>>> print(open('work-v8.csv').read())   # CSV, C-alpha atoms and all ligand atoms
chain,number,residue,atom,x,y,z
M,1,MET,CA,-47.7,-9.4,1.9
M,2,THR,CA,-44.6,-7.9,3.6
M,3,ILE,CA,-41.0,-7.9,2.3
M,4,GLU,CA,-37.8,-7.3,4.3
M,5,TYR,CA,-35.1,-5.9,2.0
M,6,LEU,CA,-31.6,-6.3,3.4
M,7,HIS,CA,-28.7,-4.6,1.6
M,8,ALA,CA,-25.0,-4.0,2.1
M,9,SER,CA,-24.6,-0.9,-0.1
M,10,LYS,CA,-21.2,0.8,0.4
M,11,PHE,CA,-21.3,3.6,-2.2
M,12,GLY,CA,-25.0,4.2,-2.3
M,13,ASN,CA,-26.0,2.4,-5.6
M,14,GLY,CA,-27.5,-0.6,-3.8
M,15,ALA,CA,-29.4,1.8,-1.5
M,16,MET,CA,-30.9,3.5,-4.5
M,17,VAL,CA,-31.9,0.1,-5.9
M,18,ALA,CA,-33.6,-0.7,-2.6
M,19,GLU,CA,-35.6,2.5,-2.6
M,20,GLU,CA,-36.6,2.0,-6.2
M,21,PHE,CA,-37.8,-1.5,-5.4
M,22,LYS,CA,-39.7,-0.2,-2.4
M,23,GLN,CA,-41.5,2.4,-4.6
M,24,GLN,CA,-42.2,-0.2,-7.3
M,25,MET,CA,-43.8,-2.6,-4.8
M,26,ALA,CA,-45.7,0.2,-3.2
M,27,THR,CA,-47.5,0.7,-6.5
M,28,ARG,CA,-48.6,-2.9,-6.1
M,29,GLY,CA,-49.7,-2.3,-2.5
M,30,VAL,CA,-46.8,-4.3,-1.0
M,31,ALA,CA,-44.9,-2.8,1.9
M,32,VAL,CA,-41.1,-3.2,1.8
M,33,ASP,CA,-39.0,-2.6,4.9
M,34,VAL,CA,-35.5,-1.6,3.8
M,35,HIS,CA,-32.5,-2.1,6.1
M,36,HIS,CA,-28.8,-1.8,5.7
M,37,ILE,CA,-27.3,-5.0,7.2
M,38,HIS,CA,-25.4,-2.9,9.7
M,39,GLU,CA,-28.6,-1.7,11.2
M,40,ILE,CA,-30.1,-5.1,12.0
M,41,THR,CA,-29.0,-8.4,13.4
M,42,PRO,CA,-29.4,-11.5,11.1
M,43,LYS,CA,-30.5,-13.5,14.1
M,44,ALA,CA,-33.6,-11.5,14.8
M,45,LEU,CA,-35.1,-10.3,11.5
M,46,PRO,CA,-38.7,-9.0,11.5
M,47,SER,CA,-41.1,-11.6,10.1
M,48,ALA,CA,-41.9,-11.2,6.5
M,49,ASP,CA,-43.3,-13.2,3.6
M,50,LEU,CA,-40.2,-12.6,1.5
M,51,TYR,CA,-36.6,-11.5,2.2
M,52,VAL,CA,-34.7,-9.8,-0.5
M,53,PHE,CA,-30.9,-9.8,-0.2
M,54,SER,CA,-28.7,-7.3,-2.1
M,55,SER,CA,-24.9,-7.2,-2.0
M,56,PRO,CA,-22.2,-5.3,-4.0
M,57,GLY,CA,-19.5,-7.5,-5.5
M,58,ARG,CA,-16.0,-7.6,-4.1
M,59,MET,CA,-13.3,-9.6,-5.8
M,60,GLY,CA,-15.8,-12.0,-7.3
M,61,ARG,CA,-17.7,-12.5,-4.1
M,62,PRO,CA,-20.4,-10.7,-2.0
M,63,ILE,CA,-19.0,-8.0,0.2
M,64,ARG,CA,-17.7,-9.5,3.5
M,65,GLY,CA,-20.4,-7.9,5.6
M,66,MET,CA,-23.1,-9.7,3.6
M,67,ARG,CA,-21.2,-13.0,3.7
M,68,ARG,CA,-21.2,-12.7,7.5
M,69,PHE,CA,-24.8,-11.6,7.6
M,70,LEU,CA,-25.9,-14.6,5.6
M,71,LYS,CA,-23.9,-17.0,7.8
M,72,GLY,CA,-25.6,-15.6,10.9
M,73,LEU,CA,-29.2,-15.9,9.5
M,74,THR,CA,-31.6,-17.9,11.5
M,75,LEU,CA,-34.7,-17.9,9.3
M,76,PRO,CA,-36.7,-21.1,9.1
M,77,ALA,CA,-36.2,-23.5,6.3
M,78,GLY,CA,-38.8,-22.9,3.5
M,79,THR,CA,-38.6,-19.1,3.9
M,80,LYS,CA,-38.8,-17.4,0.5
M,81,TYR,CA,-36.0,-15.1,-0.7
M,82,ALA,CA,-34.9,-13.2,-3.7
M,83,LEU,CA,-31.5,-11.7,-4.8
M,84,LEU,CA,-31.0,-8.3,-6.4
M,85,THR,CA,-27.2,-7.6,-6.4
M,86,THR,CA,-25.2,-4.7,-7.8
M,87,GLU,CA,-22.3,-5.9,-9.8
M,88,MET,CA,-19.6,-4.6,-12.1
M,89,ALA,CA,-20.7,-4.6,-15.7
M,90,PRO,CA,-18.6,-6.9,-17.9
M,91,ARG,CA,-16.0,-4.8,-19.8
M,92,ARG,CA,-14.2,-5.2,-23.2
M,93,ASP,CA,-10.7,-6.5,-23.0
M,94,LYS,CA,-8.5,-3.5,-23.4
M,95,LYS,CA,-6.2,-5.2,-25.9
M,96,THR,CA,-8.6,-7.2,-28.0
M,97,GLY,CA,-11.7,-5.1,-27.6
M,98,ARG,CA,-13.6,-8.3,-27.1
M,99,MET,CA,-16.4,-8.7,-24.5
M,100,PRO,CA,-15.9,-11.6,-22.1
M,101,THR,CA,-18.0,-14.7,-22.7
M,102,GLU,CA,-20.5,-15.9,-20.1
M,103,GLU,CA,-18.2,-18.7,-19.3
M,104,GLU,CA,-15.3,-16.4,-18.7
M,105,ILE,CA,-17.4,-14.1,-16.4
M,106,CYS,CA,-18.6,-17.2,-14.4
M,107,LYS,CA,-15.0,-18.1,-13.6
M,108,PHE,CA,-14.5,-14.9,-11.7
M,109,GLN,CA,-17.9,-13.6,-10.8
M,110,HIS,CA,-19.5,-15.6,-7.9
M,111,VAL,CA,-21.5,-13.0,-6.1
M,112,ARG,CA,-25.0,-14.5,-6.6
M,113,PRO,CA,-23.8,-18.2,-6.5
M,114,ILE,CA,-22.2,-17.6,-3.1
M,115,MET,CA,-25.3,-16.0,-1.8
M,116,ASN,CA,-27.5,-18.7,-3.2
M,117,GLU,CA,-25.4,-21.4,-1.6
M,118,ALA,CA,-25.5,-19.7,1.8
M,119,LEU,CA,-29.2,-19.3,1.7
M,120,GLN,CA,-30.2,-22.6,0.2
M,121,GLY,CA,-27.8,-24.3,2.6
M,122,LYS,CA,-30.2,-23.0,5.3
M,123,GLY,CA,-33.2,-24.3,3.4
M,124,LEU,CA,-34.4,-21.0,2.1
M,125,VAL,CA,-36.3,-21.1,-1.3
M,126,LYS,CA,-35.5,-18.7,-4.1
M,127,VAL,CA,-38.3,-16.9,-5.9
M,128,ALA,CA,-36.4,-14.4,-8.1
M,129,GLU,CA,-32.8,-13.3,-8.9
M,130,ASP,CA,-31.3,-10.5,-10.9
M,131,LYS,CA,-28.5,-7.9,-10.8
M,132,VAL,CA,-28.1,-4.3,-11.6
M,133,TYR,CA,-24.8,-3.3,-13.2
M,134,VAL,CA,-22.6,-0.5,-12.2
M,135,THR,CA,-20.4,0.9,-15.0
M,136,ASP,CA,-17.4,1.7,-12.8
M,137,LEU,CA,-16.2,0.4,-9.4
M,138,LYS,CA,-18.2,2.9,-7.3
M,139,GLY,CA,-21.0,3.5,-9.9
M,140,PRO,CA,-22.9,5.0,-11.5
M,141,MET,CA,-25.4,2.3,-12.4
M,142,GLU,CA,-26.1,1.2,-15.9
M,143,GLU,CA,-28.5,3.2,-18.1
M,144,GLY,CA,-32.1,2.0,-17.6
M,145,TRP,CA,-31.4,0.5,-14.2
M,146,ARG,CA,-34.8,1.6,-12.9
M,147,GLY,CA,-36.4,-0.5,-15.6
M,148,LYS,CA,-34.4,-3.5,-14.5
M,149,VAL,CA,-35.6,-3.0,-10.9
M,150,ALA,CA,-39.2,-2.8,-12.3
M,151,ALA,CA,-38.7,-6.1,-14.2
M,152,PHE,CA,-37.3,-7.7,-11.0
M,153,ALA,CA,-40.3,-6.4,-9.0
M,154,ALA,CA,-42.6,-8.0,-11.6
M,155,LEU,CA,-40.9,-11.3,-10.9
M,156,ILE,CA,-42.0,-11.3,-7.3
M,157,PRO,CA,-45.0,-13.5,-7.0
M,158,HIS,CA,-47.8,-11.4,-5.5
M,159,ASP,CA,-49.0,-14.4,-3.6
M,160,VAL,CA,-45.7,-15.6,-2.2
M,161,GLY,CA,-46.2,-17.8,0.9
M,162,MET,CA,-49.3,-16.1,2.2
M,163,ILE,CA,-53.1,-16.3,2.5
M,164,ASP,CA,-54.2,-13.8,-0.1
M,165,ALA,CA,-57.9,-12.7,-0.2
M,166,GLY,CA,-58.9,-15.8,1.6
M,167,ARG,CA,-57.1,-18.4,-0.5
M,168,THR,CA,-53.9,-20.2,0.3
M,169,THR,CA,-51.5,-19.1,-2.4
M,170,THR,CA,-48.4,-21.2,-2.1
M,171,ASP,CA,-48.8,-22.8,-5.5
M,172,PRO,CA,-45.2,-24.0,-6.3
M,173,ARG,CA,-45.9,-23.5,-10.0
M,174,SER,CA,-45.9,-19.7,-9.6
M,175,ARG,CA,-42.6,-20.0,-7.7
M,176,GLU,CA,-41.1,-22.2,-10.5
M,177,ASN,CA,-42.2,-19.8,-13.2
M,178,ALA,CA,-40.7,-16.9,-11.3
M,179,SER,CA,-37.3,-18.5,-10.9
M,180,THR,CA,-37.3,-19.6,-14.5
M,181,ALA,CA,-38.2,-16.1,-15.7
M,182,SER,CA,-35.3,-14.7,-13.7
M,183,SER,CA,-32.7,-17.0,-15.3
M,184,ALA,CA,-30.6,-14.1,-16.8
M,185,GLU,CA,-27.5,-14.7,-14.8
M,186,PHE,CA,-25.3,-12.1,-16.5
Z,201,LIG,C1,-12.3,-3.0,-4.4
Z,201,LIG,C2,-13.5,-3.3,-5.2
Z,201,LIG,C3,-13.7,-4.5,-5.8
Z,201,LIG,C4,-14.8,-4.9,-6.5
Z,201,LIG,N1,-14.9,-6.1,-7.0
Z,201,LIG,C5,-16.1,-6.4,-7.7
Z,201,LIG,C6,-16.3,-7.7,-8.2
Z,201,LIG,O1,-15.5,-8.6,-8.0
Z,201,LIG,N2,-17.4,-8.0,-8.8
Z,201,LIG,C7,-18.4,-7.0,-9.0
Z,201,LIG,O2,-19.4,-7.3,-9.6
Z,201,LIG,N3,-18.2,-5.8,-8.6
Z,201,LIG,C8,-17.1,-5.5,-7.9
Z,201,LIG,N4,-16.9,-4.2,-7.5
Z,201,LIG,C9,-17.9,-3.2,-7.8
Z,201,LIG,C10,-19.1,-3.2,-6.9
Z,201,LIG,O3,-20.0,-4.1,-7.5
Z,201,LIG,C11,-19.7,-1.9,-6.8
Z,201,LIG,O4,-18.8,-1.1,-6.0
Z,201,LIG,C12,-21.0,-1.9,-6.1
Z,201,LIG,O5,-21.9,-2.7,-6.8
Z,201,LIG,C13,-21.6,-0.6,-5.9
Z,201,LIG,O6,-22.7,-0.7,-5.0
Z,201,LIG,P1,-22.9,0.2,-3.7
Z,201,LIG,O7,-22.8,1.6,-4.2
Z,201,LIG,O8,-24.2,-0.1,-3.2
Z,201,LIG,O9,-21.8,-0.1,-2.8
Z,201,LIG,C14,-15.8,-3.9,-6.7
Z,201,LIG,C15,-15.6,-2.6,-6.2
Z,201,LIG,C16,-14.5,-2.3,-5.4
Z,201,LIG,C17,-14.4,-0.9,-4.8
>>> encode(input="work-v8.csv", output="structure tokens", more="lines below")
Ligand SMILES: Cc1cc2nc3c(=O)[nH]c(=O)nc-3n(C[C@H](O)[C@H](O)[C@H](O)COP(=O)(O)O)c2cc1C
Amino acid sequence: MTIEYLHASKFGNGAMVAEEFKQQMATRGVAVDVHHIHEITPKALPSADLYVFSSPGRMGRPIRGMRRFLKGLTLPAGTKYALLTTEMAPRRDKKTGRMPTEEEICKFQHVRPIMNEALQGKGLVKVAEDKVYVTDLKGPMEEGWRGKVAAFAALIPHDVGMIDAGRTTTDPRSRENASTASSAEF
């Protein structure tokens, strides 16, 4: 199994997440090829069993470079993908001290929904999704972020879309379980 990991890190947090994911998957014997989106063209990506896309948030959306990159993708329908974004952690309201509700966050924060829409619009199939929080605009990341990356790595079905040890392992149930398990949207 091979994974292409495409990120659009600006301040380095997303690049650290990518490296951590790569190390986590290496312990499972899975090779992850990490690229910043500026190093590679979306129209000629190396072939892989799974593509992981990672974007920082900008004004509620993925950073512009990632939006363009996803628009330019030419991967075949049915290709498996996963999202692991870096996003601003929800903060307490300065006046009331209250944390925003999920509903309130959803009104502003559309990073992953926009990425999912772009990818699913091209027929790609999601196997996992999560985010790592940054605690300020440029980082650092939340405490325990490596553990979050490990949990995300554990969501990646080891048999995604490939012939594994002589058996065809595209059982849609494993995909379904993976996407259900990754339902933590915020
Ligand atoms: C101008 C600006 C706007 C931002 N807007 C958002 C946002 O709307 N949502 C969000 O989750 N993060 C936002 N962020 C924080 C980014 O998520 C954060 O910079 C990024 O995750 C850090 O990752 P990187 O170090 O890989 O670039 C913003 C950051 C900047 C500088």
>>> residues_around(input="work-v8.csv", residues="M:Met115", least_positions_apart="6", cutoff="8 Å", atoms="all atoms listed in the file", output="PyMOL selection string")
chain M and resi 62+67+70
>>> write_last_selection(input="work-v8.csv", atoms="C-alpha atoms", output="PDB file, in the coordinates of the input")
ATOM      1  CA  PRO M  62     -20.400 -10.700  -2.000  1.00  0.00           C
ATOM      2  CA  ARG M  67     -21.200 -13.000   3.700  1.00  0.00           C
ATOM      3  CA  LEU M  70     -25.900 -14.600   5.600  1.00  0.00           C
TER       4      LEU M  70
END
>>> closest_residue(input="work-v8.csv", among="M:Pro90, M:Thr135, M:Thr27, M:Glu117", to="M:Glu104", atoms="all atoms listed in the file")
M:Pro90
>>> atom_distance(input="work-v8.csv", atom1="atom CA of M:Val32", atom2="atom CA of M:Pro157")
14.1 Å
>>> atom_distance(input="work-v8.csv", atom1="atom CA of M:Thr41", atom2="atom CA of M:Tyr5")
13.2 Å
>>> closest_atom_pairs(input="work-v8.csv", of="chain M", to="ligand LIG 201 (chain Z)", cutoff="10 Å", atoms="all atoms listed in the file", output="tab-separated table")
residue	atom	partner	partner_atom	distance
M:His7	CA	Z:LIG201	O8	8.0
M:Ala8	CA	Z:LIG201	O8	6.6
M:Ser9	CA	Z:LIG201	O8	3.2
M:Lys10	CA	Z:LIG201	O9	3.4
M:Phe11	CA	Z:LIG201	O7	3.2
M:Gly12	CA	Z:LIG201	O7	3.9
M:Asn13	CA	Z:LIG201	O7	3.6
M:Gly14	CA	Z:LIG201	O8	3.4
M:Ala15	CA	Z:LIG201	O8	5.8
M:Met16	CA	Z:LIG201	O8	7.7
M:Val17	CA	Z:LIG201	O8	8.2
M:Ala18	CA	Z:LIG201	O8	9.4
M:Ser54	CA	Z:LIG201	O8	8.6
M:Ser55	CA	Z:LIG201	O5	7.2
M:Pro56	CA	Z:LIG201	O5	3.8
M:Gly57	CA	Z:LIG201	C7	3.7
M:Arg58	CA	Z:LIG201	N1	3.4
M:Met59	CA	Z:LIG201	O1	3.3
M:Gly60	CA	Z:LIG201	O1	3.5
M:Arg61	CA	Z:LIG201	O1	5.9
M:Pro62	CA	Z:LIG201	N2	7.9
M:Ile63	CA	Z:LIG201	C4	8.5
M:Thr85	CA	Z:LIG201	O5	7.2
M:Thr86	CA	Z:LIG201	O5	4.0
M:Glu87	CA	Z:LIG201	O2	3.2
M:Met88	CA	Z:LIG201	O2	3.7
M:Ala89	CA	Z:LIG201	O2	6.8
M:Pro90	CA	Z:LIG201	O2	8.3
M:Ile105	CA	Z:LIG201	N2	9.7
M:Phe108	CA	Z:LIG201	O1	7.4
M:Gln109	CA	Z:LIG201	N2	6.0
M:His110	CA	Z:LIG201	N2	7.9
M:Val111	CA	Z:LIG201	N2	7.0
M:Arg112	CA	Z:LIG201	O2	9.6
M:Lys131	CA	Z:LIG201	O2	9.2
M:Val132	CA	Z:LIG201	O5	8.0
M:Tyr133	CA	Z:LIG201	O5	7.1
M:Val134	CA	Z:LIG201	O5	5.9
M:Thr135	CA	Z:LIG201	C9	8.7
M:Asp136	CA	Z:LIG201	C9	7.0
M:Leu137	CA	Z:LIG201	C9	4.3
M:Lys138	CA	Z:LIG201	O4	4.2
M:Gly139	CA	Z:LIG201	C13	5.8
M:Pro140	CA	Z:LIG201	C13	8.0
M:Met141	CA	Z:LIG201	C13	8.1
>>> atom_distance(input="work-v8.csv", atom1="atom CA of M:Lys43", atom2="atom CA of M:Ile156")
24.4 Å
>>> closest_residue(input="work-v8.csv", among="M:Ala26, M:Leu155, M:Ala128, M:Ile40", to="M:Leu6", atoms="only C-alpha atoms")
M:Ile40
>>> closest_residue(input="work-v8.csv", among="M:Leu83, M:Val34, M:Cys106, M:Ala118", to="M:Phe69", atoms="all atoms listed in the file")
M:Ala118
>>> closest_residue(input="work-v8.csv", among="M:His35, M:Lys148, M:Arg92, M:Lys122", to="M:Thr74", atoms="only C-alpha atoms")
M:Lys122
>>> closest_residue(input="work-v8.csv", among="M:Glu143, M:Asp130, M:Glu102, M:Glu39", to="M:Ala82", atoms="all atoms listed in the file")
M:Asp130
>>> closest_residue(input="work-v8.csv", among="M:His158, M:His38, M:Arg68, M:Arg146", to="M:Ile3", atoms="only C-alpha atoms")
M:His158
>>> residues_near_point(input="work-v8.csv", point="(-46.2, -3.4, -2.2)", cutoff="12 Å", atoms="all atoms listed in the file", output="PyMOL selection string")
chain M and resi 1-4+20-33+49-50+153-154+156-159
>>> build_atoms(input="work-v8.csv", residues="stretch 17-41 of chain M", atoms="N, CA and C atoms", output="short mmCIF file (atom, residue, chain, number, x, y, z; two decimals), in the coordinates of the input")
data_model
loop_
_atom_site.label_atom_id
_atom_site.label_comp_id
_atom_site.auth_asym_id
_atom_site.auth_seq_id
_atom_site.Cartn_x
_atom_site.Cartn_y
_atom_site.Cartn_z
N VAL M 17 -31.16 1.27 -5.39
CA VAL M 17 -31.90 0.10 -5.90
C VAL M 17 -33.00 -0.28 -4.93
N ALA M 18 -32.62 -0.33 -3.67
CA ALA M 18 -33.60 -0.70 -2.60
C ALA M 18 -34.77 0.24 -2.58
N GLU M 19 -34.47 1.53 -2.65
CA GLU M 19 -35.60 2.50 -2.60
C GLU M 19 -36.45 2.43 -3.83
N GLU M 20 -35.83 2.19 -4.99
CA GLU M 20 -36.60 2.00 -6.20
C GLU M 20 -37.54 0.82 -6.11
N PHE M 21 -36.98 -0.27 -5.60
CA PHE M 21 -37.80 -1.50 -5.40
C PHE M 21 -38.95 -1.23 -4.48
N LYS M 22 -38.65 -0.53 -3.40
CA LYS M 22 -39.70 -0.20 -2.40
C LYS M 22 -40.84 0.57 -3.10
N GLN M 23 -40.45 1.56 -3.92
CA GLN M 23 -41.50 2.40 -4.60
C GLN M 23 -42.25 1.53 -5.61
N GLN M 24 -41.54 0.68 -6.33
CA GLN M 24 -42.20 -0.20 -7.30
C GLN M 24 -43.24 -1.08 -6.64
N MET M 25 -42.85 -1.65 -5.49
CA MET M 25 -43.80 -2.60 -4.80
C MET M 25 -44.91 -1.80 -4.16
N ALA M 26 -44.64 -0.57 -3.76
CA ALA M 26 -45.70 0.20 -3.20
C ALA M 26 -46.85 0.45 -4.17
N THR M 27 -46.49 0.57 -5.45
CA THR M 27 -47.50 0.70 -6.50
C THR M 27 -48.39 -0.51 -6.59
N ARG M 28 -47.85 -1.64 -6.10
CA ARG M 28 -48.60 -2.90 -6.10
C ARG M 28 -49.27 -3.13 -4.72
N GLY M 29 -49.13 -2.16 -3.84
CA GLY M 29 -49.70 -2.30 -2.50
C GLY M 29 -48.95 -3.18 -1.56
N VAL M 30 -47.67 -3.39 -1.87
CA VAL M 30 -46.80 -4.30 -1.00
C VAL M 30 -45.83 -3.41 -0.24
N ALA M 31 -45.79 -3.62 1.06
CA ALA M 31 -44.90 -2.80 1.90
C ALA M 31 -43.50 -3.49 1.93
N VAL M 32 -42.48 -2.68 1.70
CA VAL M 32 -41.10 -3.20 1.80
C VAL M 32 -40.36 -2.40 2.84
N ASP M 33 -39.78 -3.16 3.77
CA ASP M 33 -39.00 -2.60 4.90
C ASP M 33 -37.55 -2.71 4.50
N VAL M 34 -36.88 -1.57 4.27
CA VAL M 34 -35.50 -1.60 3.80
C VAL M 34 -34.53 -1.39 4.97
N HIS M 35 -33.51 -2.23 5.07
CA HIS M 35 -32.50 -2.10 6.10
C HIS M 35 -31.10 -2.27 5.50
N HIS M 36 -30.15 -1.44 5.91
CA HIS M 36 -28.80 -1.80 5.70
C HIS M 36 -28.41 -2.88 6.69
N ILE M 37 -27.59 -3.84 6.28
CA ILE M 37 -27.30 -5.00 7.20
C ILE M 37 -26.63 -4.51 8.48
N HIS M 38 -26.01 -3.34 8.47
CA HIS M 38 -25.40 -2.90 9.70
C HIS M 38 -26.38 -2.37 10.73
N GLU M 39 -27.62 -2.19 10.28
CA GLU M 39 -28.60 -1.70 11.20
C GLU M 39 -29.43 -2.76 11.88
N ILE M 40 -29.14 -4.00 11.54
CA ILE M 40 -30.10 -5.10 12.00
C ILE M 40 -29.27 -6.35 12.20
N THR M 41 -29.75 -7.16 13.13
CA THR M 41 -29.00 -8.40 13.40
C THR M 41 -29.65 -9.56 12.57
#
